[in-house]
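**Student:** Provided herewith is a single structure, encoded as structure tokens, for subsequent inquiry.
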Amino acid sequence: MTNAPQRYCKKCLLREMEEGEYFKNLYDYIQRLPADDKVSEELYEERLNICKDCDNLQNGMCRICGCYVELRAAMKVRSCPGLPSRWMKSS
């Protein structure tokens with residue numbers, strides 16, 4: 001049996017991939033978002049800083065909606081799911 005690297009599988013669940021691989025896929029997805037759909041780098045970092053101070057952030061995921069905050073924060077059409085939204089001042 002060879003130790004060939006695992007290939008990316010579009011039909012695999014996250015739990016079936018190596019741990020680092022699914023995070024790489026997440027960051028690759030963010031990078032491939034059309035520029036018109038992404039917030040500026042400054043706003044992205046501001047949103048992430050707000051999330052880091054939130055009690056609902058756990059292991060990179062929002063406990064309110066279950067999203068990966070790094071993906072949600074990158075997208076113009078998304079907002080903080082908290083009531084009231086913690087991103088209101090940063091949009």
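Letters for chains follow the order of the structure tokens (A, B, ...), residue numbers begin at 1 for each chain, and ligand numbers begin at 1 in the order shown.
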Write out as a list of chain:residue names which residues come within 9 Å of segment 29-43 of chain A when counting only C-alpha atoms, dropping same-chain ones fewer than 5 positions away.

**Tutor:** A:Lys24, A:Leu48, A:Glu70, A:Leu71, A:Ala73, A:Ala74, A:Met75, A:Lys76, A:Val77, A:Ser90, A:Ser91

**Student:** Would you kindly return, as a ChimeraX atom specification, each protein, DNA or RNA residue with an atom no farther than 7 Å from any atom of segment 79-85 of chain A, considering only C-alpha atoms and excluding same-chain residues fewer than 2 positions away?

**Tutor:** /A:64-65,77,87-88

**Student:** Print the selection's residues with N, CA and C atoms to a file, as a PDB file, in the first residue's frame.

**Tutor:**
ATOM      1  N   ILE A  64     -24.529  30.549  16.585  1.00  0.00           N
ATOM      2  CA  ILE A  64     -25.895  30.978  16.260  1.00  0.00           C
ATOM      3  C   ILE A  64     -26.371  30.318  14.976  1.00  0.00           C
ATOM      4  N   CYS A  65     -25.552  30.375  13.934  1.00  0.00           N
ATOM      5  CA  CYS A  65     -25.996  29.877  12.624  1.00  0.00           C
ATOM      6  C   CYS A  65     -25.224  28.659  12.130  1.00  0.00           C
ATOM      7  N   VAL A  77     -22.914  39.913   0.906  1.00  0.00           N
ATOM      8  CA  VAL A  77     -24.339  39.668   1.143  1.00  0.00           C
ATOM      9  C   VAL A  77     -24.624  39.032   2.494  1.00  0.00           C
ATOM     10  N   TRP A  87     -22.102  43.286  13.254  1.00  0.00           N
ATOM     11  CA  TRP A  87     -21.398  43.898  12.136  1.00  0.00           C
ATOM     12  C   TRP A  87     -22.055  45.155  11.646  1.00  0.00           C
ATOM     13  N   MET A  88     -23.151  45.601  12.247  1.00  0.00           N
ATOM     14  CA  MET A  88     -23.874  46.773  11.766  1.00  0.00           C
ATOM     15  C   MET A  88     -22.945  47.960  11.584  1.00  0.00           C
TER      16      MET A  88
END

**Student:** Which residue is closest to Leu26 of chain A? Choose from A:Arg86, A:Arg78, A:Cys51, A:Arg72 and count only C-alpha atoms.

**Tutor:**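 Residue with the minimum atom-to-atom distance to Leu26 of chain A: A:Arg72.
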
**Student:** As a PyMOL selection string, which residues of segment 6-80 of chain A does DSSP assign to strand (DSSP E or B)?

**Tutor:** chain A and resi 38+57-58+61-62+68+75

**Student:** For atom CA of Tyr44 of chain A and atom CA of Phe23 of chain A, quote the distance in Å rounded to one decimal.

**Tutor:** 17.6 Å
